[in-house]
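**Student:** Sharing data_39.txt, compact mmCIF, C-alpha atoms:
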# COMPACT_ATOMS: atom_id res chain seq x y z
CA MET B 58 0.00 0.00 0.00
CA ASN B 59 1.19 3.46 -0.84
CA PRO B 60 2.46 4.97 2.44
CA LEU B 61 1.36 8.44 1.38
CA ARG B 62 -2.25 7.32 1.42
CA ARG B 63 -1.95 6.84 5.15
CA PHE B 64 -1.45 10.58 5.57
CA SER B 65 -4.58 12.33 6.81
CA PRO B 66 -4.54 16.12 6.29
CA ALA B 67 -7.56 16.63 8.57
CA THR B 68 -5.80 14.94 11.49
CA PHE B 69 -2.73 17.04 10.75
CA VAL B 70 -4.76 20.26 11.00
CA ILE B 71 -6.51 19.17 14.21
CA VAL B 72 -3.28 18.18 15.97
CA LEU B 73 -1.41 21.30 14.88
CA ALA B 74 -4.30 23.54 15.97
CA VAL B 75 -4.56 21.90 19.41
CA TYR B 76 -0.77 22.02 19.81
CA LEU B 77 -0.53 25.73 19.01
CA PHE B 78 -3.62 26.56 21.08
CA TYR B 79 -2.23 24.77 24.12
CA THR B 80 1.28 26.18 23.72
CA GLY B 81 -0.15 29.67 23.45
CA SER B 82 2.44 31.06 21.05
CA VAL B 83 3.12 30.89 17.33
CA SER B 84 6.89 31.17 17.10
CA GLU B 85 9.10 29.43 14.57
CA TYR B 86 10.05 26.80 17.12
CA ASP B 87 6.40 25.98 17.93
CA LEU B 88 5.41 25.76 14.27
CA ILE B 89 8.29 23.38 13.47
CA THR B 90 7.86 21.07 16.49
CA GLY B 91 4.07 21.17 16.15
CA SER B 92 4.22 20.23 12.48
CA ILE B 93 6.57 17.35 13.21
CA VAL B 94 4.28 16.03 15.96
CA ALA B 95 1.21 16.48 13.73
CA LEU B 96 2.92 14.65 10.86
CA ILE B 97 3.86 11.70 13.07
CA VAL B 98 0.39 11.47 14.60
CA SER B 99 -1.44 11.78 11.28
CA PHE B 100 0.67 9.01 9.75
CA LEU B 101 0.22 6.81 12.83
CA VAL B 102 -3.55 7.03 13.13
CA ASP B 103 -4.23 6.85 9.38
CA HIS B 104 -7.89 7.61 8.63
CA TRP B 105 -9.02 6.39 12.03
CA LEU B 106 -10.18 9.79 13.25
CA VAL B 107 -11.45 11.38 10.03
CA LYS B 108 -12.75 8.95 7.42
CA ASN B 109 -13.79 11.42 4.75
CA GLU B 110 -11.25 14.21 4.25
CA SER B 111 -13.32 16.31 1.82
CA LYS B 112 -16.10 16.59 4.42
CA PHE B 113 -13.66 18.06 6.93
CA PHE B 114 -12.42 20.72 4.52
CA SER B 115 -15.87 21.75 3.29
CA PRO B 116 -16.53 25.41 4.24
CA ARG B 117 -20.32 24.86 4.07
CA ARG B 118 -20.16 22.30 6.88
CA TRP B 119 -17.98 24.58 8.99
CA PHE B 120 -20.44 27.43 8.42
CA HIS B 121 -23.32 25.25 9.62
CA ALA B 122 -21.25 24.12 12.61
CA ILE B 123 -20.59 27.71 13.69
CA VAL B 124 -24.24 28.73 13.19
CA TYR B 125 -25.33 25.68 15.18
CA GLY B 126 -22.85 26.45 17.96
CA LEU B 127 -24.08 30.01 18.32
CA ARG B 128 -27.78 29.14 18.13
CA TYR B 129 -27.41 26.17 20.46
CA PHE B 130 -25.50 27.93 23.23
CA LEU B 131 -27.28 31.28 23.01
CA ILE B 132 -30.91 30.41 22.22
CA GLU B 133 -31.67 26.74 22.86
CA GLU B 134 -29.70 26.54 26.11
CA THR B 135 -31.35 29.68 27.48
CA LYS B 136 -34.83 28.43 26.64
CA THR B 137 -34.39 25.06 28.33
CA HIS B 138 -32.66 26.61 31.34
CA ILE B 139 -35.64 28.92 31.89
CA ASP B 140 -38.03 25.99 31.44
CA VAL B 141 -36.23 23.80 33.99
CA ALA B 142 -35.85 26.71 36.42
CA LYS B 143 -39.65 27.17 36.29
CA ARG B 144 -40.11 23.47 37.03
CA VAL B 145 -37.82 23.69 40.03
CA PHE B 146 -40.09 26.27 41.66
CA THR B 147 -43.45 24.88 40.57
CA LEU B 148 -42.41 21.21 41.08
CA LYS B 149 -44.21 20.31 37.85
CA ALA B 150 -42.37 17.29 36.53
CA ASN B 151 -43.43 14.16 34.75
CA PRO B 152 -40.18 12.27 34.24
CA GLY B 153 -39.69 9.11 32.21
CA ILE B 154 -37.50 7.40 29.66
CA VAL B 155 -38.51 7.54 26.00
CA ARG B 156 -37.13 5.85 22.91
CA VAL B 157 -36.29 8.16 20.02
CA PRO B 158 -35.45 7.08 16.46
CA LEU B 159 -32.26 8.57 14.96
CA ASP B 160 -31.93 9.46 11.30
CA VAL B 161 -28.32 10.71 11.22
CA GLU B 162 -26.01 8.38 9.38
CA SER B 163 -22.50 9.23 10.57
CA ASP B 164 -21.10 8.36 14.00
CA TYR B 165 -20.02 11.91 14.80
CA GLY B 166 -23.50 13.17 13.90
CA LYS B 167 -25.03 10.74 16.39
CA VAL B 168 -22.54 11.87 19.02
CA LEU B 169 -23.40 15.51 18.35
CA VAL B 170 -27.13 14.81 18.77
CA ALA B 171 -26.61 12.72 21.91
CA ASN B 172 -24.27 15.22 23.56
CA SER B 173 -26.51 18.16 22.65
CA ILE B 174 -29.46 16.38 24.28
CA THR B 175 -27.47 15.59 27.42
CA ASN B 176 -26.06 19.11 27.64
CA THR B 177 -29.47 20.80 27.62
CA PRO B 178 -31.08 20.72 31.05
CA GLY B 179 -34.11 18.47 31.36
CA THR B 180 -33.02 15.73 28.99
CA VAL B 181 -30.29 13.12 29.40
CA VAL B 182 -29.30 10.39 26.96
CA VAL B 183 -29.24 7.15 28.91
CA ASP B 184 -28.20 4.72 26.21
CA ILE B 185 -27.85 4.18 22.48
CA SER B 186 -28.86 0.95 20.79
CA ASP B 187 -26.12 -1.30 19.41
CA ASP B 188 -26.99 -0.53 15.78
CA GLY B 189 -27.03 3.19 16.59
CA LYS B 190 -30.60 3.73 15.37
CA TRP B 191 -32.35 4.45 18.69
CA LEU B 192 -31.62 6.79 21.55
CA TYR B 193 -32.97 6.22 25.04
CA VAL B 194 -33.59 9.62 26.58
CA HIS B 195 -34.59 10.50 30.11
CA TRP B 196 -36.99 13.39 29.72
CA ILE B 197 -38.19 15.63 32.54
CA ASP B 198 -41.62 16.20 31.00
CA VAL B 199 -42.99 13.20 29.11
CA SER B 200 -45.99 14.95 27.57
CA THR B 201 -46.52 12.36 24.85
CA LEU B 202 -45.53 8.80 24.03
CA ASP B 203 -46.12 9.09 20.29
CA GLU B 204 -42.84 8.42 18.48
CA LYS B 205 -43.18 11.26 15.99
CA GLU B 206 -44.14 13.86 18.55
CA VAL B 207 -41.33 12.78 20.88
CA LYS B 208 -38.87 13.14 18.02
CA GLU B 209 -40.29 16.55 17.17
CA ASN B 210 -39.95 17.70 20.76
CA VAL B 211 -36.56 16.26 21.70
CA VAL B 212 -34.18 15.70 18.79
CA SER B 213 -35.35 17.16 15.51
CA TYR B 214 -33.75 20.57 16.11
CA PHE B 215 -30.33 19.04 16.82
CA GLU B 216 -30.68 16.40 14.14
CA ASP B 217 -31.32 18.87 11.34
CA TYR B 218 -28.01 20.53 12.04
CA ALA B 219 -26.18 17.25 12.67
CA LYS B 220 -27.26 16.11 9.20
CA LYS B 221 -26.07 19.35 7.64
CA ILE B 222 -22.71 19.21 9.46
CA PHE B 223 -21.75 15.55 9.36
CA ASP B 224 -23.83 13.69 6.73
CA MET G 237 -33.96 23.13 59.64
CA LYS G 238 -33.19 25.93 62.05
CA ARG G 239 -30.00 24.18 63.13
CA ASP G 240 -28.86 23.81 59.52
CA ILE G 241 -29.18 27.54 58.96
CA LEU G 242 -27.33 28.24 62.18
CA VAL G 243 -24.46 25.96 61.16
CA ALA G 244 -24.28 27.48 57.68
CA VAL G 245 -24.25 31.05 58.96
CA SER G 246 -21.63 30.35 61.65
CA LEU G 247 -19.38 28.59 59.10
CA LEU G 248 -19.74 31.56 56.77
CA VAL G 249 -18.87 34.02 59.54
CA ALA G 250 -15.85 31.96 60.61
CA PHE G 251 -14.65 31.75 57.02
CA LEU G 252 -15.02 35.49 56.47
CA PHE G 253 -13.20 36.21 59.76
CA ILE G 254 -10.26 33.95 58.85
CA ALA G 255 -10.07 35.36 55.33
CA TYR G 256 -10.08 38.92 56.72
CA ALA G 257 -7.40 38.10 59.30
CA VAL G 258 -5.09 36.39 56.80
CA THR G 259 -5.41 38.81 53.90
CA VAL G 260 -6.00 42.24 55.37
CA LYS G 261 -4.46 42.00 58.86
CA ASN G 262 -1.67 39.67 57.67
CA VAL G 263 -1.76 37.48 60.82
CA LEU G 264 0.28 34.62 59.40
CA GLY G 265 2.81 36.91 57.76
CA LEU G 266 2.19 35.45 54.30
CA GLY G 267 1.38 38.56 52.34
CA GLY G 268 3.95 41.15 51.37
CA ALA G 269 6.90 39.07 52.56
CA GLU G 270 10.15 40.20 51.03
CA LEU G 271 12.21 37.96 48.80
CA ARG G 272 14.59 35.87 50.87
CA PRO G 273 18.29 36.00 49.89
CA LEU G 274 18.28 32.46 48.46
CA GLY G 275 15.28 33.20 46.27
CA GLU G 276 16.92 36.39 45.08
CA PHE G 277 20.09 34.48 44.18
CA TYR G 278 18.15 31.90 42.18
CA LEU G 279 16.12 34.53 40.36
CA SER G 280 19.16 36.53 39.34
CA ASN G 281 21.29 33.51 38.40
CA ALA G 282 18.72 31.13 36.91
CA PHE G 283 19.17 32.28 33.34
CA ALA G 284 22.83 32.77 32.55
CA HIS G 285 24.18 33.18 29.06
CA GLU G 286 27.53 31.58 29.74
CA GLY G 287 29.03 28.83 31.80
CA LEU G 288 27.32 25.79 33.22
CA THR G 289 23.71 26.51 32.45
CA SER G 290 20.67 24.86 31.00
CA HIS G 291 19.80 27.98 28.94
CA SER G 292 16.22 27.77 30.12
CA PRO G 293 14.32 31.03 30.65
CA GLU G 294 11.79 29.16 32.81
CA VAL G 295 13.09 29.57 36.37
CA VAL G 296 11.78 26.29 37.78
CA THR G 297 13.26 24.27 34.93
CA ALA G 298 16.49 26.23 35.14
CA ILE G 299 16.84 25.54 38.86
CA VAL G 300 16.02 21.87 38.37
CA TRP G 301 18.75 21.55 35.77
CA ASN G 302 21.35 24.03 36.97
CA TYR G 303 21.32 23.01 40.62
CA ARG G 304 19.51 19.69 40.84
CA GLY G 305 20.50 17.87 37.66
CA PHE G 306 21.60 14.71 39.41
CA ASP G 307 18.32 14.60 41.31
CA THR G 308 16.40 14.42 38.03
CA LEU G 309 18.86 11.94 36.57
CA PHE G 310 18.38 9.56 39.49
CA GLU G 311 14.60 10.06 39.39
CA THR G 312 14.70 8.71 35.87
CA PHE G 313 16.84 5.90 37.21
CA VAL G 314 14.26 5.02 39.88
CA PHE G 315 11.57 4.94 37.22
CA PHE G 316 13.75 2.67 35.11
CA LEU G 317 14.25 0.28 38.03
CA ALA G 318 10.50 0.18 38.75
CA ILE G 319 9.72 -0.77 35.15
CA MET G 320 12.47 -3.35 35.06
CA GLY G 321 11.14 -4.77 38.33
CA ALA G 322 7.60 -5.07 36.95
CA LEU G 323 8.88 -6.67 33.76
CA SER G 324 11.09 -9.20 35.53
CA VAL G 325 8.38 -10.21 38.00
CA LEU G 326 5.72 -10.59 35.31
CA ARG G 327 7.95 -11.96 32.56
CA LEU G 328 6.70 -14.75 30.27
CA THR G 329 8.44 -17.11 27.91
CA ASP G 330 7.52 -17.22 24.22
CA GLU G 331 5.37 -20.31 24.72
CA GLN G 332 3.57 -18.75 27.65
CA GLU G 333 2.92 -15.59 25.65
CA LYS G 334 1.36 -17.71 22.93
CA LEU G 335 -0.84 -19.36 25.54
CA VAL G 336 -1.84 -15.95 26.92
CA ARG G 337 -2.87 -14.80 23.44
CA GLU G 338 -4.94 -17.94 22.92
CA LEU G 339 -6.66 -17.56 26.27
CA GLU G 340 -7.38 -13.88 25.68
CA ALA G 341 -8.92 -14.71 22.31
CA THR G 342 -11.52 -16.89 24.05
CA MET G 343 -12.72 -13.99 26.19
CA PRO G 344 -16.02 -12.39 25.12
CA HIS G 345 -15.42 -9.34 22.98
CA ARG G 346 -16.83 -6.27 24.68
CA GLN G 347 -16.58 -2.61 23.84
CA MET G 348 -18.18 0.63 24.91
CA ASP G 349 -21.05 2.11 22.93
CA LEU G 350 -20.76 4.33 19.91
CA ILE G 351 -20.90 7.66 21.73
CA VAL G 352 -18.03 6.81 24.06
CA ARG G 353 -15.90 5.41 21.25
CA ALA G 354 -16.33 8.38 18.90
CA THR G 355 -15.68 10.89 21.69
CA THR G 356 -12.63 8.96 22.88
CA LYS G 357 -11.14 9.08 19.39
CA LEU G 358 -11.20 12.86 19.33
CA VAL G 359 -10.11 13.25 22.97
CA VAL G 360 -7.19 10.85 22.53
CA ILE G 361 -5.88 12.76 19.52
CA MET G 362 -6.17 16.01 21.47
CA ILE G 363 -4.42 14.56 24.52
CA ILE G 364 -1.54 13.37 22.35
CA ALA G 365 -1.17 16.84 20.84
CA ILE G 366 -1.34 18.48 24.28
CA SER G 367 1.14 16.03 25.84
CA ALA G 368 3.59 16.73 23.02
CA SER G 369 3.09 20.44 23.61
CA ILE G 370 3.74 20.04 27.36
CA ALA G 371 6.88 18.04 26.69
CA LEU G 372 8.42 19.97 23.81
CA HIS G 373 7.71 23.34 25.34
CA GLY G 374 8.80 22.19 28.79
CA HIS G 375 11.98 24.26 28.94
CA LEU G 376 10.12 27.50 28.26
CA THR G 377 6.84 27.07 30.15
CA PRO G 378 5.82 24.93 33.11
CA GLY G 379 5.83 21.29 32.15
CA GLY G 380 8.50 19.02 30.79
CA GLY G 381 9.23 15.54 29.60
CA PHE G 382 7.92 13.66 32.61
CA GLN G 383 4.61 15.53 32.74
CA GLY G 384 4.10 15.22 28.99
CA GLY G 385 4.90 11.51 29.06
CA SER G 386 2.39 10.89 31.85
CA ALA G 387 -0.32 12.72 29.88
CA MET G 388 0.49 10.59 26.86
CA ALA G 389 0.13 7.43 28.96
CA VAL G 390 -3.35 8.63 30.01
CA ALA G 391 -4.35 8.74 26.33
CA ALA G 392 -3.36 5.09 25.98
CA LEU G 393 -5.32 4.18 29.11
CA LEU G 394 -8.42 5.85 27.64
CA LEU G 395 -8.03 3.67 24.56
CA PHE G 396 -7.70 0.61 26.80
CA ALA G 397 -11.00 1.47 28.47
CA ALA G 398 -13.04 2.52 25.43
CA PHE G 399 -11.84 -0.11 22.99
CA SER G 400 -9.70 -2.84 24.53
CA LYS G 401 -6.11 -3.76 25.11
CA PHE G 402 -6.34 -6.39 22.38
CA THR G 403 -7.45 -3.88 19.76
CA LEU G 404 -4.31 -1.86 20.47
CA GLU G 405 -2.09 -4.93 20.36
CA ARG G 406 -3.59 -5.94 17.04
CA LYS G 407 -2.84 -2.46 15.70
CA GLY G 408 0.83 -2.89 16.60
CA LEU G 409 1.27 -1.54 20.12
CA THR G 410 2.97 -4.66 21.43
CA LEU G 411 5.37 -5.08 24.32
CA LYS G 412 8.29 -5.39 21.91
CA HIS G 413 7.59 -1.99 20.34
CA THR G 414 6.99 -0.14 23.60
CA ILE G 415 10.21 -1.48 25.11
CA SER G 416 12.15 -0.47 21.99
CA ALA G 417 10.73 3.06 22.12
CA TYR G 418 11.50 3.21 25.84
CA ALA G 419 15.10 2.23 25.12
CA VAL G 420 15.37 4.93 22.45
CA GLY G 421 14.20 7.52 24.97
CA LEU G 422 16.69 6.38 27.59
CA ALA G 423 19.50 6.38 25.03
CA LEU G 424 18.61 9.93 24.06
CA ILE G 425 18.76 11.06 27.71
CA LEU G 426 22.09 9.34 28.24
CA ALA G 427 23.52 10.79 25.03
CA THR G 428 22.47 14.29 26.03
CA VAL G 429 24.00 13.94 29.46
CA LEU G 430 27.28 12.43 28.30
CA ALA G 431 27.75 14.15 24.93
CA PRO G 432 29.43 17.32 26.34
CA VAL G 433 32.23 15.17 27.77
CA PHE G 434 33.20 13.90 24.34
CA LEU G 435 32.21 16.88 22.25
CA TYR G 436 34.12 19.69 23.93
CA ASN G 437 35.68 18.27 27.05
CA GLY G 438 32.91 19.68 29.16
CA LYS G 439 31.41 18.24 32.28
CA VAL G 440 28.61 15.73 32.65
CA LEU G 441 25.18 17.42 32.52
CA GLU G 442 26.43 20.51 30.75
CA ILE G 443 23.53 20.35 28.41
CA ASN G 444 23.58 23.36 26.11
CA LEU G 445 24.13 21.30 22.98
CA LEU G 446 21.68 23.23 20.87
CA PRO G 447 21.97 26.98 20.38
CA GLY G 448 20.19 29.47 22.59
CA GLU G 449 16.99 28.61 24.37
CA MET G 450 16.69 25.18 22.78
CA GLY G 451 19.31 23.72 25.10
CA LEU G 452 16.96 21.34 26.83
CA PHE G 453 15.03 20.29 23.76
CA ASN G 454 16.63 16.86 23.29
CA LEU G 455 16.34 16.06 26.97
CA ASP G 456 12.65 16.89 26.76
CA VAL G 457 12.18 14.55 23.83
CA GLY G 458 14.16 11.76 25.50
CA GLU G 459 12.31 12.01 28.78
CA TYR G 460 8.98 12.23 26.95
CA LEU G 461 9.61 9.05 25.00
CA ALA G 462 11.04 7.21 27.99
CA VAL G 463 8.20 8.07 30.38
CA ALA G 464 5.34 7.60 27.89
CA PHE G 465 6.52 4.23 26.67
CA GLY G 466 7.76 3.16 30.11
CA PHE G 467 4.24 3.62 31.47
CA LEU G 468 2.76 1.90 28.42
CA THR G 469 5.03 -1.10 28.92
CA VAL G 470 3.84 -1.50 32.48
CA PHE G 471 0.19 -1.03 31.48
CA LEU G 472 0.49 -3.67 28.78
CA VAL G 473 2.00 -6.14 31.24
CA LEU G 474 -0.52 -5.37 33.98
CA GLY G 475 -3.37 -5.44 31.44
CA ILE G 476 -3.24 -9.22 31.20
CA PRO G 477 -6.27 -10.53 33.16
CA GLU G 478 -5.59 -12.25 36.46
CA TRP G 479 -7.20 -15.57 35.55
CA VAL G 480 -5.05 -15.83 32.41
CA PHE G 481 -1.96 -15.35 34.54
CA LYS G 482 -3.17 -17.99 36.98
CA VAL G 483 -3.69 -20.55 34.21
CA VAL G 484 -0.25 -19.84 32.77
CA LEU G 485 1.47 -20.11 36.16
CA ARG G 486 -0.36 -23.33 36.94
CA GLY G 487 1.07 -24.73 33.71
CA GLU G 488 4.52 -23.73 34.96
CA LEU G 489 3.97 -25.70 38.17
CA ASN G 490 2.96 -28.84 36.29
CA ASP G 491 6.09 -28.91 34.15
Give the structure from this file in structure tokens form.
**Tutor:**
Amino acid sequence: MNPLRRFSPATFVIVLAVYLFYTGSVSEYDLITGSIVALIVSFLVDHWLVKNESKFFSPRRWFHAIVYGLRYFLIEETKTHIDVAKRVFTLKANPGIVRVPLDVESDYGKVLVANSITNTPGTVVVDISDDGKWLYVHWIDVSTLDEKEVKENVVSYFEDYAKKIFD
Amino acid sequence: MKRDILVAVSLLVAFLFIAYAVTVKNVLGLGGAELRPLGEFYLSNAFAHEGLTSHSPEVVTAIVWNYRGFDTLFETFVFFLAIMGALSVLRLTDEQEKLVRELEATMPHRQMDLIVRATTKLVVIMIIAISASIALHGHLTPGGGFQGGSAMAVAALLLFAAFSKFTLERKGLTLKHTISAYAVGLALILATVLAPVFLYNGKVLEINLLPGEMGLFNLDVGEYLAVAFGFLTVFLVLGIPEWVFKVVLRGELND
């Protein structure tokens, strides 16, 4: 096998970025040592971290990721925080575990959906099925047991963006 | 309920009183103490441009190397002895290693779920980058080879937990490779320490081989390799399940 095909540019960029960010300076010395480390790591891990290189370097996906990050942390988080804060004072809770179907194809997309759900107050991902098609979510207010409505309420917002970013 | 409030308020008052006494009234004499003569000496002599110096602008690193070089050298030695001890106690012959591999293959294959695995991938790559940054920048900022190597070993442990030790061994992280890398690291340390003697009739531990502030760079790399792969060697040996070891040792008794 051609050894050059083992090289993963996306891994190289990630490692170099983390290295420079953690070092906190961009001198000649840092750039050289960082590049050497990034080269070694990207040859070692092959395409283990990033399977599809063109996806990583697509500006459209990065744009969606940034939009999602801003909207998630500024709007969605605030809304759910207010909602849960209200429940704390009124003691109105109807907790339970629901099963939600997942439509995202890629692994990282599933992780993004699951972590977004866990990070918002009121919902926690308890488990994921072995084939990765179902999420088990603990929900503070189980208002419905209908699959479609549950999906609409819990994951569809995150999943739309996960599809745009990772699929 | 009333007692709880009382306890909370009295703790708060006591805390505020102590904080006030220590910071504002300076009861313990901690704040505003002048630099002691020894500290002043170290600060003014830590970074010297000539003579026996490590050429490190980071004062802690400079002191460690300028005044306590042998201490660090023997620390590495202690670590070496610990790893050699673990390896010699838990050593296996070729036949026994084959048996261990067969026994491990019969174990049920288990791995963490998708979320944990995908997150671990990204975190491991980041930890490797950060550990390299700690190690290679160790002579300029807090950190160094030992700290970086330990962080690197943590990355491997995460992989052990999220995937399995056998996955790593199948990918090529075997005992043979880790011991070789460990030896390379030790050789690099030894070469850096002894090179000045042969190169320009200097003294042992006069380590400014590279120009300017890069003097400690090769020591950093050596220590990083040695510590990371030293830990990995021990983890790989200790990662063999207990019952497998028992079966193998029982076979030794029967011979």
**Student:** Can you pull out every residue within 8 Å of B:Trp119, counting all atoms listed in the file, but drop anything in the same chain fewer than 4 positions away, and send it as a PyMOL selection string?
**Tutor:** chain B and resi 115+123+222
**Student:** Next, the residues of the selection above should be written as a JSON list (two decimals), keeping the file's coordinate frame with C-alpha atoms.
**Tutor:**
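Output file out09.json follows:
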[["chain", "number", "residue", "atom", "x", "y", "z"],
["B", 115, "SER", "CA", -15.87, 21.75, 3.29],
["B", 123, "ILE", "CA", -20.59, 27.71, 13.69],
["B", 222, "ILE", "CA", -22.71, 19.21, 9.46]]
**Student:** Between B:Val199, B:Leu77, B:Leu106, B:Ile97, which is the closest to G:Val359 once you count all atoms listed in the file?
**Tutor:**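 Nearest to G:Val359: B:Leu106.
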**Student:** Quick one: everything within 7 Å of B:Val155, counting all atoms listed in the file, minus sequence neighbours fewer than 5 positions away in the same chain. Send it as a list in words.
**Tutor:**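 Non-adjacent residues within range: Tyr193, Val194 and His195 of chain B.
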**Student:** Could you list the residues in chain B lying within 10 Å of chain G, using only C-alpha atoms, and format the result as a tab-separated table (two decimals) with C-alpha atoms, in the coordinates of the input?
**Tutor:**
chain	number	residue	atom	x	y	z
B	68	THR	CA	-5.80	14.94	11.49
B	71	ILE	CA	-6.51	19.17	14.21
B	72	VAL	CA	-3.28	18.18	15.97
B	73	LEU	CA	-1.41	21.30	14.88
B	74	ALA	CA	-4.30	23.54	15.97
B	75	VAL	CA	-4.56	21.90	19.41
B	76	TYR	CA	-0.77	22.02	19.81
B	77	LEU	CA	-0.53	25.73	19.01
B	78	PHE	CA	-3.62	26.56	21.08
B	79	TYR	CA	-2.23	24.77	24.12
B	80	THR	CA	1.28	26.18	23.72
B	81	GLY	CA	-0.15	29.67	23.45
B	86	TYR	CA	10.05	26.80	17.12
B	87	ASP	CA	6.40	25.98	17.93
B	90	THR	CA	7.86	21.07	16.49
B	91	GLY	CA	4.07	21.17	16.15
B	94	VAL	CA	4.28	16.03	15.96
B	95	ALA	CA	1.21	16.48	13.73
B	98	VAL	CA	0.39	11.47	14.60
B	99	SER	CA	-1.44	11.78	11.28
B	102	VAL	CA	-3.55	7.03	13.13
B	105	TRP	CA	-9.02	6.39	12.03
B	106	LEU	CA	-10.18	9.79	13.25
B	107	VAL	CA	-11.45	11.38	10.03
B	164	ASP	CA	-21.10	8.36	14.00
B	165	TYR	CA	-20.02	11.91	14.80
B	166	GLY	CA	-23.50	13.17	13.90
B	167	LYS	CA	-25.03	10.74	16.39
B	168	VAL	CA	-22.54	11.87	19.02
B	169	LEU	CA	-23.40	15.51	18.35
B	170	VAL	CA	-27.13	14.81	18.77
B	171	ALA	CA	-26.61	12.72	21.91
B	172	ASN	CA	-24.27	15.22	23.56
B	184	ASP	CA	-28.20	4.72	26.21
B	185	ILE	CA	-27.85	4.18	22.48
B	186	SER	CA	-28.86	0.95	20.79
B	187	ASP	CA	-26.12	-1.30	19.41
B	188	ASP	CA	-26.99	-0.53	15.78
B	189	GLY	CA	-27.03	3.19	16.59
**Student:** Calculate how many Å separate atom CA of B:Tyr125 from atom CA of B:Phe223, rounding to one decimal.
**Tutor:**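 For atom CA of B:Tyr125 relative to atom CA of B:Phe223, the distance reads 12.2 Å.
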